[in-house]
Amino acid sequence: MKQVSTIEGRAIPLGLKNVDTDVIIPAHWLKTVSREGLGKGAFETIRAAPGNPFDVEDFANAPILIAGDNFGCGSSREHAAWAMLDMGLTAVIAPSFSDIFAGNAFKNGILAVELPQEQVDRLLEVAAEAELTIDLENQVVTTPFQDRFEFEIDPFRKRCLLEGLDEIGLTLGSDSEITKHEQMREGTLPWLDKPKRREAA
Amino acid sequence: MASKPRTLYEKIWDSHVVERLDDGTCLLYIDRHLVHEVTSPQAFEALRLAGRTVRRPDLTLAVPDHNLPTTPRVDADGLRLPIEDKQSAAQLAALEANAPAFGIDYIDATAPEQGIVHVVGPEQGFSLPGATIVCGDSHTAAHGGIGALAFGIGTSEVEHVLATQTLQLRQSKSMEVRVEGPLGPGVTPKDLILHIIGVIGTAGGTGHVIEYRGRVFEEMSVEGRLTICNMSIEGGARAGLIAPDEKVFDYLKGRPYSPRGEAWGKAVAWWRSLATDDGATFDKSVIIDAADVEPTVSWGTSPEDVVAVGGIVPSPDSFADPSKREAARKSLDYMGLTPGTPIEDIPVDNIFIGSCTNSRIEDLRSAAQILKGRRKAANVRWAIAVPGSGLVKRQAEAEGIDRIFTDAGFEWREPGCSACLAMNPDKVPPGERCASTSNRNFVGRQGPGSRTHLVSPAMAAAAAVTGRLADVRKLGTCQEAGG
Ligand code: SF4
């Protein structure tokens, strides 16, 4: 995973509630076997409307997106995170995120920042004209107008992002614990092992 | 530890913790992993690039479903037909190559057992009570219907499970949805779960695992329970659970991957111990009166936008929350609906009976009961029935259900996800309306510009024969409660 510390730049003031992953990347873009190139399909239906915030010149290559409640709900497709990365987004600010999206975002180095609705509303206002700064180390979002909004983040996720840790590598470090669990499981819940297919009785 | 009363969720969680880290994250052991063609190619590719292997190939099962066309897959001589869409064909080819390369059991696109992962898992006895089950698809929650802790994961997590057979997770909060009283005649599990989502909202279960409790679930068939848990994700919960009981054990006995012999007895003994203890507490509790549940229909573009079939299209002004008001305005505009219109006056152009929510034998039977001796209305342009698996399809054919569907003007298709997410050629055209037994009515979900009304199988059949959203109870034959 690549390291993440401070994200600075323009923020796209989308503000919409319940942006589901079908909106972030529609299903017909999922027929790929690669993680690249999905930016073209990102937010396709929203971008089809004239005057949508994604096509405002000021926000070209903006690294931050601001959205409403329950961002990333619906399908578990990680393509949503890949599509956002591919269009240059590395952080999303919203009042709440779906659990699965938050996990997918994190695993791709996209920072999901949860702030109360009033603070999100203020940032939507600021985003129209100025840049935002997200400082992960100090867990704070700031604006050029002295706004300073602190946010919570899971300490484990924070450490992984700051240090750019590979989660699978970390888990493989617990290999002997996993093996121990497997041996215990073989004794107590033996039917969970090696299910062999056979014809239905 | 043994003395503190625990919930079903806590019992399954505790028995699968490999390691508890200082910050509260747990390494959780995964018993069963289902893999399909759309969310796995990037995971296998990443394993290859990192030179990693699959830790427990025996605990993973691969089956294609999302992308496969539902038209015949073999010709008259039994030879496999090519898939026209090149990208779909490439995804299928990737899974076909990856499964054997990593030693994973694979159910071929032409095998009689092929079907939607969430139908196949329980049907094959691969999904078991008390097991942790994951799949790169959010409706994995379905397997909670047999008492498994099952949830959807992203592709990076698919890779993590393949490499380590574990996931790094934090325990969710627990939520109880208690339904009191019996369901009325003509009210099905699908109506109940739509109603529940309407009550709790699409973010109502975020951060929680829901346990559905009450007599209604004890009396419900295993198929019905799978339908209920399937849509937990639409209520924001990553997983839903119903305590396993004799009905579940009977359902699983003798299935191809089910434990047998001595192991079966041991398994059942453990499964029986899994129910939530008296005195265990939930972080959140919602009580639903079953008497309030009517055959239910969605009117908007979020699964929480539901109303009883006898109701009207709501006015955006009827919502207190300003952002909900705005969302309702947008939804109605997209759906082409006018506030105040009676739901039963809304004509439909398409009918889709299928998806992992409602494509099991009981769902097809319930639709067939309404369709028998009737035909789809003239204004219904396209009606399609897509069984959840090859085994469901054969069972239905043995019962003559396929004939009832085709006589009613339905197309009878090969199993797969089909018009649930419209990745294959089965799509609802822009601006057209579909009564659908699937689980999501999102903007463009059934094809760009498509307008979805979520309903039960019986209600979809009623819509087919009347040509509009209709109250199945007015059509004479109707399913009894809990069906
Ligand atoms: S039927 Fe629909 S919801 Fe179910 S697995 Fe397939 S795409 Fe997902």
# chains A, B, ... in the order shown; residues from 1 in each chain; ligands from 1
>>> residues_around(residues="segment 79-95 of chain A", least_positions_apart="5", cutoff="7 Å", atoms="only C-alpha atoms", output="PyMOL selection string")
chain A and resi 21+24-25+35-39+42+61-69+71+104-105+108+110-117+120
>>> residues_near_ligand(ligand="ligand 1", cutoff="9 Å", atoms="only C-alpha atoms and all ligand atoms", output="PDB file with N, CA, C and O atoms, in the first residue's frame")
ATOM      1  N   SER A  75     -23.623  -2.298  -3.335  1.00  0.00           N
ATOM      2  CA  SER A  75     -22.744  -3.396  -3.760  1.00  0.00           C
ATOM      3  C   SER A  75     -21.343  -3.278  -3.177  1.00  0.00           C
ATOM      4  O   SER A  75     -20.833  -2.189  -2.959  1.00  0.00           O
TER       5      SER A  75
ATOM      6  N   ASP B  65     -21.549 -16.531 -12.144  1.00  0.00           N
ATOM      7  CA  ASP B  65     -22.974 -16.209 -12.093  1.00  0.00           C
ATOM      8  C   ASP B  65     -23.316 -14.795 -12.580  1.00  0.00           C
ATOM      9  O   ASP B  65     -24.271 -14.599 -13.321  1.00  0.00           O
ATOM     10  N   HIS B  66     -22.531 -13.789 -12.201  1.00  0.00           N
ATOM     11  CA  HIS B  66     -22.922 -12.395 -12.420  1.00  0.00           C
ATOM     12  C   HIS B  66     -23.080 -12.021 -13.891  1.00  0.00           C
ATOM     13  O   HIS B  66     -23.943 -11.241 -14.265  1.00  0.00           O
ATOM     14  N   ASN B  67     -22.173 -12.545 -14.678  1.00  0.00           N
ATOM     15  CA  ASN B  67     -21.954 -12.050 -16.015  1.00  0.00           C
ATOM     16  C   ASN B  67     -22.476 -12.971 -17.104  1.00  0.00           C
ATOM     17  O   ASN B  67     -22.588 -12.592 -18.265  1.00  0.00           O
ATOM     18  N   ILE B 116     -26.502 -18.910  -8.879  1.00  0.00           N
ATOM     19  CA  ILE B 116     -26.041 -17.723  -8.164  1.00  0.00           C
ATOM     20  C   ILE B 116     -25.332 -18.186  -6.885  1.00  0.00           C
ATOM     21  O   ILE B 116     -25.878 -19.031  -6.164  1.00  0.00           O
ATOM     22  N   VAL B 117     -24.142 -17.656  -6.618  1.00  0.00           N
ATOM     23  CA  VAL B 117     -23.354 -18.112  -5.456  1.00  0.00           C
ATOM     24  C   VAL B 117     -24.183 -18.284  -4.195  1.00  0.00           C
ATOM     25  O   VAL B 117     -24.010 -19.264  -3.474  1.00  0.00           O
ATOM     26  N   HIS B 118     -25.081 -17.340  -3.935  1.00  0.00           N
ATOM     27  CA  HIS B 118     -25.817 -17.378  -2.668  1.00  0.00           C
ATOM     28  C   HIS B 118     -26.960 -18.397  -2.682  1.00  0.00           C
ATOM     29  O   HIS B 118     -27.539 -18.692  -1.648  1.00  0.00           O
ATOM     30  N   VAL B 119     -27.290 -18.892  -3.857  1.00  0.00           N
ATOM     31  CA  VAL B 119     -28.254 -19.985  -3.933  1.00  0.00           C
ATOM     32  C   VAL B 119     -27.470 -21.297  -3.840  1.00  0.00           C
ATOM     33  O   VAL B 119     -27.860 -22.227  -3.138  1.00  0.00           O
ATOM     34  N   ASP B 137     -19.322 -10.146  -2.708  1.00  0.00           N
ATOM     35  CA  ASP B 137     -20.656  -9.720  -3.135  1.00  0.00           C
ATOM     36  C   ASP B 137     -21.436  -9.393  -1.873  1.00  0.00           C
ATOM     37  O   ASP B 137     -21.483 -10.191  -0.942  1.00  0.00           O
ATOM     38  N   SER B 138     -22.059  -8.225  -1.843  1.00  0.00           N
ATOM     39  CA  SER B 138     -22.659  -7.759  -0.587  1.00  0.00           C
ATOM     40  C   SER B 138     -23.840  -8.605  -0.128  1.00  0.00           C
ATOM     41  O   SER B 138     -24.192  -8.569   1.043  1.00  0.00           O
ATOM     42  N   HIS B 139     -24.464  -9.355  -1.036  1.00  0.00           N
ATOM     43  CA  HIS B 139     -25.621 -10.158  -0.625  1.00  0.00           C
ATOM     44  C   HIS B 139     -25.249 -11.495  -0.001  1.00  0.00           C
ATOM     45  O   HIS B 139     -26.100 -12.350   0.217  1.00  0.00           O
ATOM     46  N   THR B 140     -23.949 -11.649   0.297  1.00  0.00           N
ATOM     47  CA  THR B 140     -23.490 -12.812   1.051  1.00  0.00           C
ATOM     48  C   THR B 140     -24.261 -12.917   2.364  1.00  0.00           C
ATOM     49  O   THR B 140     -24.413 -13.994   2.931  1.00  0.00           O
ATOM     50  N   ASN B 230     -30.713 -11.975   3.198  1.00  0.00           N
ATOM     51  CA  ASN B 230     -30.150 -11.447   1.959  1.00  0.00           C
ATOM     52  C   ASN B 230     -30.171  -9.930   1.936  1.00  0.00           C
ATOM     53  O   ASN B 230     -29.196  -9.277   1.570  1.00  0.00           O
ATOM     54  N   MET B 231     -31.306  -9.349   2.317  1.00  0.00           N
ATOM     55  CA  MET B 231     -31.459  -7.901   2.180  1.00  0.00           C
ATOM     56  C   MET B 231     -31.018  -7.118   3.417  1.00  0.00           C
ATOM     57  O   MET B 231     -31.233  -5.912   3.494  1.00  0.00           O
ATOM     58  N   GLY B 354     -36.331 -13.438 -10.297  1.00  0.00           N
ATOM     59  CA  GLY B 354     -35.008 -14.040 -10.172  1.00  0.00           C
ATOM     60  C   GLY B 354     -34.201 -13.333  -9.105  1.00  0.00           C
ATOM     61  O   GLY B 354     -34.768 -12.668  -8.242  1.00  0.00           O
ATOM     62  N   SER B 355     -32.872 -13.490  -9.145  1.00  0.00           N
ATOM     63  CA  SER B 355     -31.882 -12.921  -8.216  1.00  0.00           C
ATOM     64  C   SER B 355     -31.742 -13.770  -6.959  1.00  0.00           C
ATOM     65  O   SER B 355     -32.631 -14.562  -6.622  1.00  0.00           O
ATOM     66  N   CYS B 356     -30.631 -13.563  -6.249  1.00  0.00           N
ATOM     67  CA  CYS B 356     -30.361 -14.363  -5.053  1.00  0.00           C
ATOM     68  C   CYS B 356     -31.372 -14.086  -3.954  1.00  0.00           C
ATOM     69  O   CYS B 356     -31.434 -14.811  -2.972  1.00  0.00           O
ATOM     70  N   THR B 357     -32.187 -13.045  -4.104  1.00  0.00           N
ATOM     71  CA  THR B 357     -33.216 -12.765  -3.097  1.00  0.00           C
ATOM     72  C   THR B 357     -34.415 -13.689  -3.278  1.00  0.00           C
ATOM     73  O   THR B 357     -34.970 -14.191  -2.309  1.00  0.00           O
ATOM     74  N   ASN B 358     -34.819 -13.911  -4.504  1.00  0.00           N
ATOM     75  CA  ASN B 358     -36.071 -14.629  -4.776  1.00  0.00           C
ATOM     76  C   ASN B 358     -36.013 -15.498  -6.019  1.00  0.00           C
ATOM     77  O   ASN B 358     -36.741 -15.258  -6.985  1.00  0.00           O
ATOM     78  N   SER B 359     -35.147 -16.504  -6.019  1.00  0.00           N
ATOM     79  CA  SER B 359     -35.100 -17.371  -7.206  1.00  0.00           C
ATOM     80  C   SER B 359     -35.042 -18.827  -6.816  1.00  0.00           C
ATOM     81  O   SER B 359     -34.627 -19.668  -7.590  1.00  0.00           O
ATOM     82  N   GLY B 388     -32.579 -19.666  -9.682  1.00  0.00           N
ATOM     83  CA  GLY B 388     -31.337 -19.337  -8.984  1.00  0.00           C
ATOM     84  C   GLY B 388     -30.217 -20.320  -9.224  1.00  0.00           C
ATOM     85  O   GLY B 388     -29.044 -19.990  -9.032  1.00  0.00           O
ATOM     86  N   GLY B 416     -28.560 -17.499 -13.233  1.00  0.00           N
ATOM     87  CA  GLY B 416     -27.530 -16.466 -13.109  1.00  0.00           C
ATOM     88  C   GLY B 416     -28.129 -15.204 -12.515  1.00  0.00           C
ATOM     89  O   GLY B 416     -29.316 -15.164 -12.187  1.00  0.00           O
ATOM     90  N   CYS B 417     -27.309 -14.171 -12.393  1.00  0.00           N
ATOM     91  CA  CYS B 417     -27.768 -12.932 -11.756  1.00  0.00           C
ATOM     92  C   CYS B 417     -28.686 -12.123 -12.667  1.00  0.00           C
ATOM     93  O   CYS B 417     -29.564 -11.407 -12.206  1.00  0.00           O
ATOM     94  N   SER B 418     -28.420 -12.179 -13.959  1.00  0.00           N
ATOM     95  CA  SER B 418     -29.336 -11.628 -14.949  1.00  0.00           C
ATOM     96  C   SER B 418     -29.695 -10.165 -14.694  1.00  0.00           C
ATOM     97  O   SER B 418     -28.838  -9.347 -14.371  1.00  0.00           O
ATOM     98  N   ALA B 419     -30.970  -9.849 -14.821  1.00  0.00           N
ATOM     99  CA  ALA B 419     -31.436  -8.462 -14.740  1.00  0.00           C
ATOM    100  C   ALA B 419     -31.365  -7.880 -13.329  1.00  0.00           C
ATOM    101  O   ALA B 419     -31.758  -6.740 -13.120  1.00  0.00           O
ATOM    102  N   CYS B 420     -30.839  -8.625 -12.367  1.00  0.00           N
ATOM    103  CA  CYS B 420     -30.652  -8.036 -11.037  1.00  0.00           C
ATOM    104  C   CYS B 420     -29.642  -6.905 -11.123  1.00  0.00           C
ATOM    105  O   CYS B 420     -29.793  -5.888 -10.480  1.00  0.00           O
ATOM    106  N   LEU B 421     -28.578  -7.111 -11.892  1.00  0.00           N
ATOM    107  CA  LEU B 421     -27.596  -6.032 -12.024  1.00  0.00           C
ATOM    108  C   LEU B 421     -27.239  -5.753 -13.468  1.00  0.00           C
ATOM    109  O   LEU B 421     -26.408  -4.883 -13.740  1.00  0.00           O
ATOM    110  N   ALA B 422     -27.872  -6.458 -14.398  1.00  0.00           N
ATOM    111  CA  ALA B 422     -27.781  -6.104 -15.811  1.00  0.00           C
ATOM    112  C   ALA B 422     -26.356  -6.027 -16.338  1.00  0.00           C
ATOM    113  O   ALA B 422     -26.008  -5.150 -17.107  1.00  0.00           O
ATOM    114  N   MET B 423     -25.515  -6.965 -15.892  1.00  0.00           N
ATOM    115  CA  MET B 423     -24.172  -7.025 -16.476  1.00  0.00           C
ATOM    116  C   MET B 423     -24.185  -7.856 -17.746  1.00  0.00           C
ATOM    117  O   MET B 423     -23.334  -7.732 -18.595  1.00  0.00           O
ATOM    118  N   SER B 438     -35.764  -8.661  -7.360  1.00  0.00           N
ATOM    119  CA  SER B 438     -34.385  -8.494  -6.897  1.00  0.00           C
ATOM    120  C   SER B 438     -34.340  -7.600  -5.662  1.00  0.00           C
ATOM    121  O   SER B 438     -35.360  -7.370  -5.014  1.00  0.00           O
ATOM    122  N   ASN B 439     -33.171  -7.075  -5.346  1.00  0.00           N
ATOM    123  CA  ASN B 439     -32.991  -6.413  -4.056  1.00  0.00           C
ATOM    124  C   ASN B 439     -32.626  -4.940  -4.125  1.00  0.00           C
ATOM    125  O   ASN B 439     -32.551  -4.269  -3.115  1.00  0.00           O
ATOM    126  N   ARG B 440     -32.327  -4.444  -5.307  1.00  0.00           N
ATOM    127  CA  ARG B 440     -31.895  -3.045  -5.395  1.00  0.00           C
ATOM    128  C   ARG B 440     -32.647  -2.312  -6.488  1.00  0.00           C
ATOM    129  O   ARG B 440     -32.739  -2.793  -7.611  1.00  0.00           O
TER     130      ARG B 440
END
>>> select_by_dssp(residues="segment 367-458 of chain B", states="alpha helix (DSSP H)", output="PyMOL selection string")
chain B and resi 367-371+390-398+401-407+457-458
>>> write_last_selection(atoms="C-alpha atoms", output="short mmCIF file (atom, residue, chain, number, x, y, z; two decimals), in the first residue's frame")
data_model
loop_
_atom_site.label_atom_id
_atom_site.label_comp_id
_atom_site.auth_asym_id
_atom_site.auth_seq_id
_atom_site.Cartn_x
_atom_site.Cartn_y
_atom_site.Cartn_z
CA ALA B 367 -45.26 -16.97 -8.62
CA ALA B 368 -46.55 -19.99 -10.56
CA GLN B 369 -49.54 -20.25 -8.26
CA ILE B 370 -50.65 -16.81 -9.42
CA LEU B 371 -49.69 -17.34 -13.08
CA GLY B 390 -29.57 -25.43 -12.32
CA LEU B 391 -30.97 -27.62 -9.56
CA VAL B 392 -33.81 -25.19 -8.87
CA LYS B 393 -34.49 -25.08 -12.60
CA ARG B 394 -34.68 -28.87 -12.89
CA GLN B 395 -36.88 -29.15 -9.83
CA ALA B 396 -39.23 -26.51 -11.26
CA GLU B 397 -39.32 -28.33 -14.59
CA ALA B 398 -40.12 -31.60 -12.84
CA ILE B 401 -43.59 -24.82 -13.31
CA ASP B 402 -41.61 -23.91 -16.43
CA ARG B 403 -44.74 -24.60 -18.51
CA ILE B 404 -46.85 -22.37 -16.31
CA PHE B 405 -44.35 -19.57 -16.84
CA THR B 406 -44.01 -20.03 -20.59
CA ASP B 407 -47.78 -20.43 -21.04
CA PRO B 457 -42.44 -13.22 -6.52
CA ALA B 458 -46.22 -13.46 -6.07
#
>>> residues_around(residues="segment 299-308 of chain B", least_positions_apart="2", cutoff="7 Å", atoms="only C-alpha atoms", output="ChimeraX atom specification")
/B:194-195,197-198,201-202,234,294-297,310-311,313,331-332,335,440-443,453
>>> write_last_selection(atoms="N, CA, C and O atoms", output="PDB file, in the first residue's frame")
ATOM      1  N   LEU B 194     -38.779  -5.870   3.070  1.00  0.00           N
ATOM      2  CA  LEU B 194     -38.945  -4.520   2.496  1.00  0.00           C
ATOM      3  C   LEU B 194     -39.527  -3.576   3.550  1.00  0.00           C
ATOM      4  O   LEU B 194     -39.073  -2.438   3.710  1.00  0.00           O
ATOM      5  N   HIS B 195     -40.515  -4.083   4.286  1.00  0.00           N
ATOM      6  CA  HIS B 195     -41.132  -3.276   5.343  1.00  0.00           C
ATOM      7  C   HIS B 195     -40.097  -2.919   6.421  1.00  0.00           C
ATOM      8  O   HIS B 195     -40.007  -1.765   6.854  1.00  0.00           O
ATOM      9  N   ILE B 197     -36.865  -2.647   6.139  1.00  0.00           N
ATOM     10  CA  ILE B 197     -35.921  -1.644   5.638  1.00  0.00           C
ATOM     11  C   ILE B 197     -36.579  -0.269   5.590  1.00  0.00           C
ATOM     12  O   ILE B 197     -35.955   0.745   5.895  1.00  0.00           O
ATOM     13  N   GLY B 198     -37.869  -0.263   5.254  1.00  0.00           N
ATOM     14  CA  GLY B 198     -38.611   0.999   5.283  1.00  0.00           C
ATOM     15  C   GLY B 198     -38.615   1.607   6.677  1.00  0.00           C
ATOM     16  O   GLY B 198     -38.516   2.819   6.849  1.00  0.00           O
ATOM     17  N   GLY B 201     -34.548   2.178   7.704  1.00  0.00           N
ATOM     18  CA  GLY B 201     -33.801   3.017   6.761  1.00  0.00           C
ATOM     19  C   GLY B 201     -32.556   2.311   6.259  1.00  0.00           C
ATOM     20  O   GLY B 201     -32.087   1.348   6.876  1.00  0.00           O
ATOM     21  N   THR B 202     -32.002   2.797   5.144  1.00  0.00           N
ATOM     22  CA  THR B 202     -30.869   2.091   4.520  1.00  0.00           C
ATOM     23  C   THR B 202     -29.590   2.209   5.337  1.00  0.00           C
ATOM     24  O   THR B 202     -28.631   1.503   5.080  1.00  0.00           O
ATOM     25  N   GLU B 234     -29.255  -4.078   2.580  1.00  0.00           N
ATOM     26  CA  GLU B 234     -30.067  -2.918   2.171  1.00  0.00           C
ATOM     27  C   GLU B 234     -30.477  -2.090   3.382  1.00  0.00           C
ATOM     28  O   GLU B 234     -30.845  -0.924   3.241  1.00  0.00           O
ATOM     29  N   GLU B 294     -47.958  -5.287   4.953  1.00  0.00           N
ATOM     30  CA  GLU B 294     -48.845  -5.612   3.825  1.00  0.00           C
ATOM     31  C   GLU B 294     -47.951  -6.023   2.657  1.00  0.00           C
ATOM     32  O   GLU B 294     -46.753  -5.801   2.700  1.00  0.00           O
ATOM     33  N   PRO B 295     -48.519  -6.570   1.590  1.00  0.00           N
ATOM     34  CA  PRO B 295     -47.698  -6.732   0.394  1.00  0.00           C
ATOM     35  C   PRO B 295     -47.084  -5.366   0.066  1.00  0.00           C
ATOM     36  O   PRO B 295     -47.783  -4.359   0.041  1.00  0.00           O
ATOM     37  N   THR B 296     -45.769  -5.341  -0.109  1.00  0.00           N
ATOM     38  CA  THR B 296     -45.038  -4.076  -0.137  1.00  0.00           C
ATOM     39  C   THR B 296     -44.337  -3.866  -1.469  1.00  0.00           C
ATOM     40  O   THR B 296     -43.884  -4.814  -2.100  1.00  0.00           O
ATOM     41  N   VAL B 297     -44.251  -2.595  -1.877  1.00  0.00           N
ATOM     42  CA  VAL B 297     -43.692  -2.222  -3.176  1.00  0.00           C
ATOM     43  C   VAL B 297     -42.737  -1.059  -2.970  1.00  0.00           C
ATOM     44  O   VAL B 297     -42.999  -0.201  -2.131  1.00  0.00           O
ATOM     45  N   GLY B 310     -51.552  -1.005  -1.259  1.00  0.00           N
ATOM     46  CA  GLY B 310     -52.797  -0.231  -1.258  1.00  0.00           C
ATOM     47  C   GLY B 310     -52.586   1.264  -1.120  1.00  0.00           C
ATOM     48  O   GLY B 310     -53.546   2.039  -1.166  1.00  0.00           O
ATOM     49  N   GLY B 311     -51.333   1.688  -0.969  1.00  0.00           N
ATOM     50  CA  GLY B 311     -51.039   3.099  -0.717  1.00  0.00           C
ATOM     51  C   GLY B 311     -50.888   3.923  -1.985  1.00  0.00           C
ATOM     52  O   GLY B 311     -51.273   3.505  -3.074  1.00  0.00           O
ATOM     53  N   VAL B 313     -48.275   6.963  -4.146  1.00  0.00           N
ATOM     54  CA  VAL B 313     -46.924   7.507  -4.306  1.00  0.00           C
ATOM     55  C   VAL B 313     -46.819   8.719  -3.378  1.00  0.00           C
ATOM     56  O   VAL B 313     -47.642   9.634  -3.465  1.00  0.00           O
ATOM     57  N   SER B 331     -35.897  11.076  -6.805  1.00  0.00           N
ATOM     58  CA  SER B 331     -36.337   9.702  -7.064  1.00  0.00           C
ATOM     59  C   SER B 331     -37.582   9.690  -7.939  1.00  0.00           C
ATOM     60  O   SER B 331     -37.664   8.957  -8.918  1.00  0.00           O
ATOM     61  N   LEU B 332     -38.562  10.511  -7.558  1.00  0.00           N
ATOM     62  CA  LEU B 332     -39.841  10.496  -8.275  1.00  0.00           C
ATOM     63  C   LEU B 332     -39.644  10.979  -9.704  1.00  0.00           C
ATOM     64  O   LEU B 332     -40.263  10.473 -10.646  1.00  0.00           O
ATOM     65  N   MET B 335     -38.110   8.143 -11.496  1.00  0.00           N
ATOM     66  CA  MET B 335     -39.070   7.050 -11.652  1.00  0.00           C
ATOM     67  C   MET B 335     -40.273   7.452 -12.518  1.00  0.00           C
ATOM     68  O   MET B 335     -41.094   6.603 -12.874  1.00  0.00           O
ATOM     69  N   ARG B 440     -32.327  -4.444  -5.307  1.00  0.00           N
ATOM     70  CA  ARG B 440     -31.895  -3.045  -5.395  1.00  0.00           C
ATOM     71  C   ARG B 440     -32.647  -2.312  -6.488  1.00  0.00           C
ATOM     72  O   ARG B 440     -32.739  -2.793  -7.611  1.00  0.00           O
ATOM     73  N   ASN B 441     -33.129  -1.116  -6.115  1.00  0.00           N
ATOM     74  CA  ASN B 441     -33.848  -0.280  -7.066  1.00  0.00           C
ATOM     75  C   ASN B 441     -33.041   0.974  -7.379  1.00  0.00           C
ATOM     76  O   ASN B 441     -33.599   2.011  -7.673  1.00  0.00           O
ATOM     77  N   PHE B 442     -31.725   0.864  -7.265  1.00  0.00           N
ATOM     78  CA  PHE B 442     -30.856   2.009  -7.506  1.00  0.00           C
ATOM     79  C   PHE B 442     -31.028   2.554  -8.924  1.00  0.00           C
ATOM     80  O   PHE B 442     -31.383   1.812  -9.840  1.00  0.00           O
ATOM     81  N   VAL B 443     -30.675   3.820  -9.083  1.00  0.00           N
ATOM     82  CA  VAL B 443     -30.658   4.445 -10.407  1.00  0.00           C
ATOM     83  C   VAL B 443     -29.799   3.591 -11.344  1.00  0.00           C
ATOM     84  O   VAL B 443     -28.648   3.289 -11.045  1.00  0.00           O
ATOM     85  N   HIS B 453     -39.295  -1.476  -9.523  1.00  0.00           N
ATOM     86  CA  HIS B 453     -40.152  -1.587  -8.337  1.00  0.00           C
ATOM     87  C   HIS B 453     -39.877  -2.938  -7.707  1.00  0.00           C
ATOM     88  O   HIS B 453     -40.124  -3.976  -8.326  1.00  0.00           O
TER      89      HIS B 453
END
>>> interface_residues(of="chain B", to="chain A", cutoff="6 Å", atoms="only C-alpha atoms", output="list in words")
Val18, Pro41, Gln42, Asp58, Gln87, Ser88, Asp137, Ser138, Gly154, Thr155, His160, Gly254, Arg255, Pro256, Tyr257, Pro259, Ala263 and Met423 of chain B
>>> write_last_selection(atoms="C-alpha atoms", output="mmCIF file, in the first residue's frame")
data_model
loop_
_atom_site.group_PDB
_atom_site.id
_atom_site.type_symbol
_atom_site.label_atom_id
_atom_site.label_comp_id
_atom_site.auth_asym_id
_atom_site.auth_seq_id
_atom_site.Cartn_x
_atom_site.Cartn_y
_atom_site.Cartn_z
ATOM 1 C CA VAL B 18 -7.496 -16.280 15.892
ATOM 2 C CA PRO B 41 -9.708 -11.760 -11.210
ATOM 3 C CA GLN B 42 -7.803 -8.857 -9.650
ATOM 4 C CA ASP B 58 -10.426 -26.718 0.223
ATOM 5 C CA GLN B 87 -15.178 -8.913 -21.844
ATOM 6 C CA SER B 88 -17.680 -11.275 -20.217
ATOM 7 C CA ASP B 137 -20.656 -9.720 -3.135
ATOM 8 C CA SER B 138 -22.659 -7.759 -0.587
ATOM 9 C CA GLY B 154 -14.142 -6.294 -1.443
ATOM 10 C CA THR B 155 -11.546 -7.696 -3.807
ATOM 11 C CA HIS B 160 -6.534 -11.558 1.934
ATOM 12 C CA GLY B 254 -27.435 -35.132 2.726
ATOM 13 C CA ARG B 255 -26.316 -32.157 0.636
ATOM 14 C CA PRO B 256 -23.094 -32.756 -1.327
ATOM 15 C CA TYR B 257 -20.735 -30.850 1.008
ATOM 16 C CA PRO B 259 -20.976 -33.262 7.066
ATOM 17 C CA ALA B 263 -19.449 -35.572 12.021
ATOM 18 C CA MET B 423 -24.172 -7.025 -16.476
#
>>> select_by_dssp(residues="segment 84-309 of chain B", states="strand (DSSP E or B)", output="JSON, numbers by chain")
{"B": [105, 106, 115, 132, 133, 134, 135, 149, 150, 151, 152, 166, 167, 168, 169, 173, 174, 175, 176, 177, 178, 179, 180, 208, 209, 210, 211, 212, 213, 239, 240, 241, 284, 285, 286, 287, 288, 289, 296, 297, 298, 306, 307, 308]}
>>> atom_distance(atom1="atom CA of Ile153 of chain B", atom2="atom CA of Gly224 of chain B")
23.6 Å
>>> residues_around(residues="Pro244 of chain B", least_positions_apart="3", cutoff="7 Å", atoms="only C-alpha atoms", output="list in words")
Pro129, Ile146, Gly147, Val248 and Trp271 of chain B
>>> write_last_selection(atoms="N, CA and C atoms", output="JSON list (two decimals), in the first residue's frame")
[["chain", "number", "residue", "atom", "x", "y", "z"],
["B", 129, "PRO", "N", -24.38, -23.70, 9.28],
["B", 129, "PRO", "CA", -24.66, -22.86, 10.45],
["B", 129, "PRO", "C", -23.38, -22.65, 11.27],
["B", 146, "ILE", "N", -29.32, -19.51, 7.28],
["B", 146, "ILE", "CA", -29.12, -20.84, 7.88],
["B", 146, "ILE", "C", -28.30, -20.73, 9.17],
["B", 147, "GLY", "N", -28.12, -19.50, 9.66],
["B", 147, "GLY", "CA", -27.41, -19.32, 10.93],
["B", 147, "GLY", "C", -25.91, -19.20, 10.79],
["B", 248, "VAL", "N", -33.48, -26.02, 9.42],
["B", 248, "VAL", "CA", -32.20, -25.82, 8.74],
["B", 248, "VAL", "C", -31.44, -27.14, 8.66],
["B", 271, "TRP", "N", -24.49, -26.79, 16.54],
["B", 271, "TRP", "CA", -25.43, -25.83, 15.94],
["B", 271, "TRP", "C", -26.57, -25.50, 16.91]]
>>> closest_residue(among="B:Ser221, B:Gln446, B:Gln114, B:Ser323", to="Asp245 of chain B", atoms="only C-alpha atoms")
B:Ser221
>>> residues_around(residues="Leu192 of chain B", least_positions_apart="5", cutoff="12 Å", atoms="only C-alpha atoms", output="JSON, numbers by chain")
{"B": [177, 178, 179, 180, 182, 183, 184, 186, 187, 197, 198, 199, 212, 216, 217, 220, 224, 225, 227, 228, 229, 231, 232, 288, 289, 290, 291, 292, 293, 294, 295, 296, 297, 306, 307, 308, 455, 456, 481, 482, 483]}
